[in-house]
Amino acid sequence: MSQLTCTRNNCKGSIDDGYCDACGMAALKSQSELDLALAATASNKPVSTSSQSLKTAPNSASVTGTGSSPTSNRSSRGTRRSAPTVGKSSRRQLGAGLVSIPELPSTAPELAILAEAKVPENKRFCAGCNQAVKRDKGFCTKCGQKYNFVPSLAPGDVVGAQYEVKGAIAYGGLGWIYLGFDRLLSRYVVLKGLLNSEDAASAAVALAERQFLAAVKHPNIVGIYNFVTHDAEGYIVMEYVGGKTLKEIRKERGILPVAEAIAYIHRVLGAFGYLHQQGLVYCDFKPDNIMLEGDDIKLIDLGGARRIDDPDGDIYGTIGYTAPEAGEGPTIVTDLFTIGRTLAVLVTNISGFSTEHQYTLPSAQSDRIFASQESLYRFLLKATATAADDRFQTAEEMAEQLLGVLREVVAVETNTPRPATSSLFDGDRLSVTASGDFSPIKPSYLHLPHLLIDAKDLGFNVVLNASMLPDLDTRIEQLSQVVKQLPTSIEAKLRLANSLIERGVVASIGNYTEAEMVLEQVAIQDAWDWRVDWYRGKSFLAQNRPQEAQAAFDRVYFDLPGELAPKLAFAIAAEQGNKYLLAAQMYELVEHTDLNYPTAAFGLARCRLMQGDRNAAVTALQQVPPTSNLYTRSKVEIARILVDRQLPVAINSPQHPEPTLTELQSANQTIEALTLEGIEKYRLDRQVLETALNLLTSKAITAQHNLMILGQPLQEVKLRQGLEKVLRSIAHLSTGDEKIMLVDEANRVRPKTLF
């Protein structure tokens, strides 16, 4: 029997037991499953959509660690028309193999039984008016509604002639939870009944669970076995999960390590993706509802789950976790909001979580974790944006970006790169665009990765063919024709804009107006397409408008916090604008995460040099791997840096830092290990010998007979002889005035003789 292949965008995995072995997502039954309608959630008590809804909080201008406020006003253009392109998702393994999660020791199920099955007074509310009630059962003094919070089952009861009750183990928003034992199959189970047996709304929810939850089958969602009745009350029979909830773990250990918390949330996103594909929304996600068992997690308590297209019924949620528009009805996006809020709770303490920060996050400047984890903070800002259209639109999209954030966090913490192939960008372009000589590399938009063409775009094939045309004018003409023939193709417009930007650079005419007009057409088509900002940023870099470029890439970084390309672009723009500290911060994030971005290494070295830090610049370039075709180039730069006598003045230093004897020796060793030939070798030799001679004649170092520099003893006469030879070799390969100047210089530096 042939194995099915995953049909998700850019995924090459195989379907095993209904799930992809590469991306971890459930197999698609049809393409329509990608286009589910959206619907939102509410507070900890049921909220009638016809009579009550939660108010939308004002948009808070949260400031990130880089000092920007990336929240956008794109929502003012109207309603988002379509979900963004979704790349491949993450693997099913917890933490994608990047994090080691401590397993919980197994415990006997009956140890979870409560000594006293009683609902605390602060958890008892009338189902009719939300008025607090003091007794376990009775009538509400405000509206007269009858209530009963006493457990309906007692130890020893047998439900459905099959399940023996062992005792109550917990209570939740919709019902008492009991530990039971299945006499027929000899296994422990969980029975969930009604918390308030007089609550008709809860009864209706339980009935709804019986109708559709039994069909939910996912390895990270608690299994629903059966629905039985006992004394006219209904009970859901569920899989017993013998672990701890994240709420319990968080309470015991305090805030969790960032990588560990991300691993849990990343894993649960696969379960949410599955629910959404089934047309369901979970509604009330929080740390209480995710349980760690062994080395994996389970999404538990589906009591508030409902169909996306169900216009009726109560909406359940928890204040502090629920999206501001929750009262309008549950949607995929409001589910994702609760996931973002849950992750925030796991990694930090948020003062006023259910009051002044009920819908917002504190600024990075006021929170240590947010200040040190720029990409994580941006991820949380997007996940919990006030406007629903500014958030992640699918669980797959959210999981992809969160995995990228996890790679960055783990790479920085372990000082070990965690590279991965992007589903949106190709690789670093510096090796392709760098000139053939060894002139210093300067920041350029040409070094940025290219966007991959969206395979689902209507014009994919023709756009791909036109984009490969080498002649720029012909390419622009062809893409212009495609735009006319396929006016709905966004890729055609984006590729045309990119080519127009390139023409503006090549022709040196400085006219980028036409490219901006094309990009504006895309923005009108889809106000949330981050690719518009990407190309605008490239255009601004090409025009040497770094401040505007940085703002554009800042917005892309907000939309794609797990991608490296926006960070690299942000760094180039910041460096071009002389913001070296900020640029270095972004370059360093990229370099730590993936060494296959040499642009980051060269950029970081330039920024460190501008700060007068020679050693840090060398360290940055030493990260370029030997497998890179820029490895030799990096060694040449290292040698230059080590002997450079004109570095910028460092902070608190009154003069330019002179190279030391140790650095001179290191430069010598670096050059001798290279296989350079011709004029590039001579030029590098010249710089080293000139520095050695200057240090010697200025008495910064002393002569040493047994120390060799490029084959010459560290003595003035020998160094002059070596430098003269190098200068004459360069002159031999030069012409015109340059040749004459080099010969004159050779005559000037040669040792004085009697003849």
# chains A, B, ... in the order shown; residues from 1 in each chain; ligands from 1
$ residues_around --residues "Lys382 of chain A" --least-positions-apart "3" --cutoff "12 Å" --atoms "only C-alpha atoms" --output "NGL selection string"
:A and (62 or 64 or 69-72 or 333 or 336-337 or 339-341 or 360-361 or 375-379 or 385-393 or 397-398 or 401-402 or 555-562)
$ residues_around --residues "Leu727 of chain A" --least-positions-apart "3" --cutoff "8 Å" --atoms "only C-alpha atoms" --output "PyMOL selection string"
chain A and resi 682+686+723-724+730-731+742-743+745-746
$ write_last_selection --atoms "C-alpha atoms" --output "compact mmCIF listing (two decimals), in the first residue's frame"
# COMPACT_ATOMS: atom_id res chain seq x y z
CA TYR A 682 50.51 41.66 -1.96
CA ARG A 686 51.74 45.50 2.52
CA LEU A 723 57.89 46.02 2.32
CA GLU A 724 59.95 47.35 -0.60
CA ILE A 730 52.15 45.58 -6.67
CA ALA A 731 53.65 48.18 -9.01
CA LEU A 742 54.04 52.63 -5.82
CA VAL A 743 57.59 52.75 -7.17
CA GLU A 745 56.83 54.52 -2.15
CA ALA A 746 59.11 51.50 -2.56
$ closest_residue --among "A:Thr599, A:Thr735, A:Gln162, A:Gln543" --to "Lys567 of chain A" --atoms "only C-alpha atoms"
A:Thr599
$ residues_around --residues "Pro625 of chain A" --least-positions-apart "2" --cutoff "12 Å" --atoms "only C-alpha atoms" --output "short mmCIF file (atom, residue, chain, number, x, y, z; two decimals) with N, CA and C atoms, in the first residue's frame"
data_model
loop_
_atom_site.label_atom_id
_atom_site.label_comp_id
_atom_site.auth_asym_id
_atom_site.auth_seq_id
_atom_site.Cartn_x
_atom_site.Cartn_y
_atom_site.Cartn_z
N PRO A 417 24.52 27.13 17.30
CA PRO A 417 23.57 27.50 16.25
C PRO A 417 22.50 26.44 16.06
N GLU A 591 23.51 35.71 13.81
CA GLU A 591 24.73 34.91 13.79
C GLU A 591 24.68 33.78 14.81
N ASP A 594 22.10 31.00 13.23
CA ASP A 594 22.41 30.28 11.99
C ASP A 594 23.69 30.86 11.38
N LEU A 595 24.74 30.06 11.30
CA LEU A 595 26.02 30.51 10.75
C LEU A 595 25.99 30.60 9.23
N ASN A 596 24.89 30.18 8.63
CA ASN A 596 24.77 30.25 7.17
C ASN A 596 24.37 31.64 6.69
N TYR A 597 24.46 32.64 7.58
CA TYR A 597 24.19 34.03 7.22
C TYR A 597 25.46 34.84 7.44
N PRO A 598 26.47 34.72 6.54
CA PRO A 598 27.72 35.47 6.71
C PRO A 598 27.53 36.98 6.68
N ALA A 601 27.75 38.09 10.14
CA ALA A 601 29.11 38.08 10.70
C ALA A 601 29.89 39.32 10.26
N ALA A 620 33.55 37.94 15.74
CA ALA A 620 32.38 37.85 14.86
C ALA A 620 32.74 37.15 13.55
N LEU A 621 33.88 37.51 12.96
CA LEU A 621 34.27 36.93 11.68
C LEU A 621 34.77 35.50 11.82
N GLN A 622 35.24 35.15 12.99
CA GLN A 622 35.69 33.78 13.21
C GLN A 622 34.53 32.79 13.18
N GLN A 623 33.30 33.28 13.22
CA GLN A 623 32.13 32.40 13.17
C GLN A 623 31.77 31.97 11.76
N THR A 627 33.09 25.89 5.56
CA THR A 627 32.32 25.44 4.40
C THR A 627 31.78 26.60 3.57
N SER A 628 31.83 27.81 4.11
CA SER A 628 31.32 28.98 3.39
C SER A 628 32.32 29.43 2.34
N ASN A 629 31.81 29.86 1.17
CA ASN A 629 32.73 30.38 0.15
C ASN A 629 33.23 31.78 0.49
N LEU A 630 32.79 32.30 1.64
CA LEU A 630 33.31 33.58 2.13
C LEU A 630 34.31 33.36 3.27
N TYR A 631 34.70 32.13 3.49
CA TYR A 631 35.63 31.83 4.58
C TYR A 631 36.97 32.55 4.38
N THR A 632 37.54 32.44 3.18
CA THR A 632 38.81 33.13 2.91
C THR A 632 38.66 34.63 3.05
N ARG A 633 37.53 35.13 2.56
CA ARG A 633 37.26 36.58 2.67
C ARG A 633 37.23 37.00 4.14
N SER A 634 36.65 36.16 5.00
CA SER A 634 36.57 36.50 6.42
C SER A 634 37.96 36.52 7.05
N LYS A 635 38.84 35.61 6.63
CA LYS A 635 40.20 35.58 7.16
C LYS A 635 41.00 36.81 6.72
#
$ closest_residue --among "A:Gly172, A:Glu374, A:Ser435, A:Ala584" --to "Gly304 of chain A" --atoms "only C-alpha atoms"
A:Gly172
$ closest_atom_pairs --of "segment 237-319 of chain A" --to "segment 175-191 of chain A" --cutoff "10 Å" --atoms "only C-alpha atoms" --output "tab-separated table"
residue	atom	partner	partner_atom	distance
A:Val237	CA	A:Leu191	CA	4.7
A:Met238	CA	A:Val190	CA	5.0
A:Glu239	CA	A:Val189	CA	5.3
A:Tyr240	CA	A:Val189	CA	4.7
A:Val241	CA	A:Val190	CA	8.4
A:Gly242	CA	A:Tyr188	CA	9.7
A:Asp301	CA	A:Ile177	CA	9.6
A:Gly303	CA	A:Gly175	CA	8.4
$ write_last_selection --atoms "C-alpha atoms" --output "compact mmCIF listing (two decimals), in the first residue's frame"
# COMPACT_ATOMS: atom_id res chain seq x y z
CA VAL A 237 -16.12 9.50 30.03
CA MET A 238 -12.63 10.58 29.09
CA GLU A 239 -9.09 9.28 28.92
CA TYR A 240 -7.25 9.48 32.25
CA VAL A 241 -4.14 11.68 31.97
CA GLY A 242 -1.86 11.13 34.94
CA ASP A 301 -11.14 19.81 29.41
CA GLY A 303 -16.00 21.62 28.08
$ residues_around --residues "Lys718 of chain A" --least-positions-apart "3" --cutoff "10 Å" --atoms "only C-alpha atoms" --output "VMD selection string"
chain A and resid 693 705 708 to 709 711 to 715 721 to 724 750 to 751
$ write_last_selection --atoms "N, CA and C atoms" --output "PDB file, in the first residue's frame"
ATOM      1  N   LEU A 693      56.216  47.892  10.765  1.00  0.00           N
ATOM      2  CA  LEU A 693      57.276  48.896  10.685  1.00  0.00           C
ATOM      3  C   LEU A 693      56.923  50.141  11.495  1.00  0.00           C
ATOM      4  N   HIS A 705      64.794  39.372  17.040  1.00  0.00           N
ATOM      5  CA  HIS A 705      65.468  38.666  15.939  1.00  0.00           C
ATOM      6  C   HIS A 705      64.786  37.347  15.602  1.00  0.00           C
ATOM      7  N   MET A 708      59.313  36.199  13.340  1.00  0.00           N
ATOM      8  CA  MET A 708      59.177  36.427  11.898  1.00  0.00           C
ATOM      9  C   MET A 708      57.803  36.995  11.576  1.00  0.00           C
ATOM     10  N   ILE A 709      57.798  38.011  10.700  1.00  0.00           N
ATOM     11  CA  ILE A 709      56.562  38.578  10.174  1.00  0.00           C
ATOM     12  C   ILE A 709      56.594  38.470   8.654  1.00  0.00           C
ATOM     13  N   GLY A 711      57.826  36.162   6.878  1.00  0.00           N
ATOM     14  CA  GLY A 711      59.140  35.713   6.429  1.00  0.00           C
ATOM     15  C   GLY A 711      60.279  36.650   6.751  1.00  0.00           C
ATOM     16  N   GLN A 712      60.003  37.786   7.381  1.00  0.00           N
ATOM     17  CA  GLN A 712      61.036  38.769   7.720  1.00  0.00           C
ATOM     18  C   GLN A 712      61.173  38.873   9.230  1.00  0.00           C
ATOM     19  N   PRO A 713      62.421  38.862   9.754  1.00  0.00           N
ATOM     20  CA  PRO A 713      62.613  39.076  11.195  1.00  0.00           C
ATOM     21  C   PRO A 713      62.051  40.433  11.606  1.00  0.00           C
ATOM     22  N   LEU A 714      61.587  40.513  12.854  1.00  0.00           N
ATOM     23  CA  LEU A 714      61.011  41.762  13.347  1.00  0.00           C
ATOM     24  C   LEU A 714      62.140  42.753  13.654  1.00  0.00           C
ATOM     25  N   GLN A 715      62.748  43.232  12.573  1.00  0.00           N
ATOM     26  CA  GLN A 715      63.808  44.233  12.630  1.00  0.00           C
ATOM     27  C   GLN A 715      63.520  45.277  11.567  1.00  0.00           C
ATOM     28  N   GLN A 721      63.012  45.949   3.861  1.00  0.00           N
ATOM     29  CA  GLN A 721      63.321  45.165   2.660  1.00  0.00           C
ATOM     30  C   GLN A 721      62.092  44.387   2.183  1.00  0.00           C
ATOM     31  N   GLY A 722      61.394  43.773   3.131  1.00  0.00           N
ATOM     32  CA  GLY A 722      60.201  43.021   2.762  1.00  0.00           C
ATOM     33  C   GLY A 722      59.116  43.914   2.192  1.00  0.00           C
ATOM     34  N   LEU A 723      58.915  45.095   2.804  1.00  0.00           N
ATOM     35  CA  LEU A 723      57.889  46.024   2.320  1.00  0.00           C
ATOM     36  C   LEU A 723      58.245  46.559   0.944  1.00  0.00           C
ATOM     37  N   GLU A 724      59.523  46.868   0.729  1.00  0.00           N
ATOM     38  CA  GLU A 724      59.948  47.351  -0.598  1.00  0.00           C
ATOM     39  C   GLU A 724      59.627  46.318  -1.673  1.00  0.00           C
ATOM     40  N   ARG A 750      62.718  51.719   1.363  1.00  0.00           N
ATOM     41  CA  ARG A 750      63.845  50.785   1.354  1.00  0.00           C
ATOM     42  C   ARG A 750      64.933  51.250   2.321  1.00  0.00           C
ATOM     43  N   PRO A 751      65.682  50.316   2.874  1.00  0.00           N
ATOM     44  CA  PRO A 751      66.739  50.682   3.833  1.00  0.00           C
ATOM     45  C   PRO A 751      67.792  51.579   3.183  1.00  0.00           C
TER      46      PRO A 751
END
$ closest_residue --among "A:Tyr264, A:Phe139, A:Tyr163, A:Phe602" --to "Ser431 of chain A" --atoms "only C-alpha atoms"
A:Phe602
$ atom_distance --atom1 "atom CA of Ala261 of chain A" --atom2 "atom CA of Leu104 of chain A"
15.2 Å
$ residues_around --residues "Asn544 of chain A" --least-positions-apart "2" --cutoff "10 Å" --atoms "only C-alpha atoms" --output "list in words"
Ser444, Tyr445, Lys538, Ser539, Phe540, Leu541, Ala542, Pro546, Gln547, Glu548, Ala549, Ala573, Gln576 and Gly577 of chain A
$ residues_around --residues "Ala215 of chain A" --least-positions-apart "6" --cutoff "12 Å" --atoms "only C-alpha atoms" --output "PyMOL selection string"
chain A and resi 209+221-226+274-275+278-280
$ write_last_selection --atoms "C-alpha atoms" --output "short mmCIF file (atom, residue, chain, number, x, y, z; two decimals), in the first residue's frame"
data_model
loop_
_atom_site.label_atom_id
_atom_site.label_comp_id
_atom_site.auth_asym_id
_atom_site.auth_seq_id
_atom_site.Cartn_x
_atom_site.Cartn_y
_atom_site.Cartn_z
CA GLU A 209 -19.96 17.55 23.95
CA ILE A 221 -6.00 15.98 22.93
CA VAL A 222 -7.58 14.01 25.72
CA GLY A 223 -9.66 11.16 24.30
CA ILE A 224 -13.44 11.08 24.71
CA TYR A 225 -14.55 7.47 25.26
CA ASN A 226 -18.22 7.59 26.04
CA TYR A 274 -6.48 19.93 14.30
CA LEU A 275 -9.54 21.28 16.16
CA GLN A 278 -12.53 19.97 12.28
CA GLY A 279 -14.51 23.21 12.44
CA LEU A 280 -14.17 23.52 16.22
#
$ select_by_dssp --residues "segment 311-529 of chain A" --states "alpha helix (DSSP H)" --output "PyMOL selection string"
chain A and resi 332-347+368-372+374-383+395-414+430-433+460-467+472-485+490-506+513-525
$ closest_atom_pairs --of "segment 413-529 of chain A" --to "segment 638-643 of chain A" --cutoff "12 Å" --atoms "only C-alpha atoms" --output "JSON lines"
{"residue": "A:Phe438", "atom": "CA", "partner": "A:Arg640", "partner_atom": "CA", "distance": 10.8}
{"residue": "A:Ser439", "atom": "CA", "partner": "A:Arg640", "partner_atom": "CA", "distance": 10.9}
{"residue": "A:Pro440", "atom": "CA", "partner": "A:Arg640", "partner_atom": "CA", "distance": 9.7}
$ atom_distance --atom1 "atom CA of Arg475 of chain A" --atom2 "atom CA of Ile524 of chain A"
24.2 Å
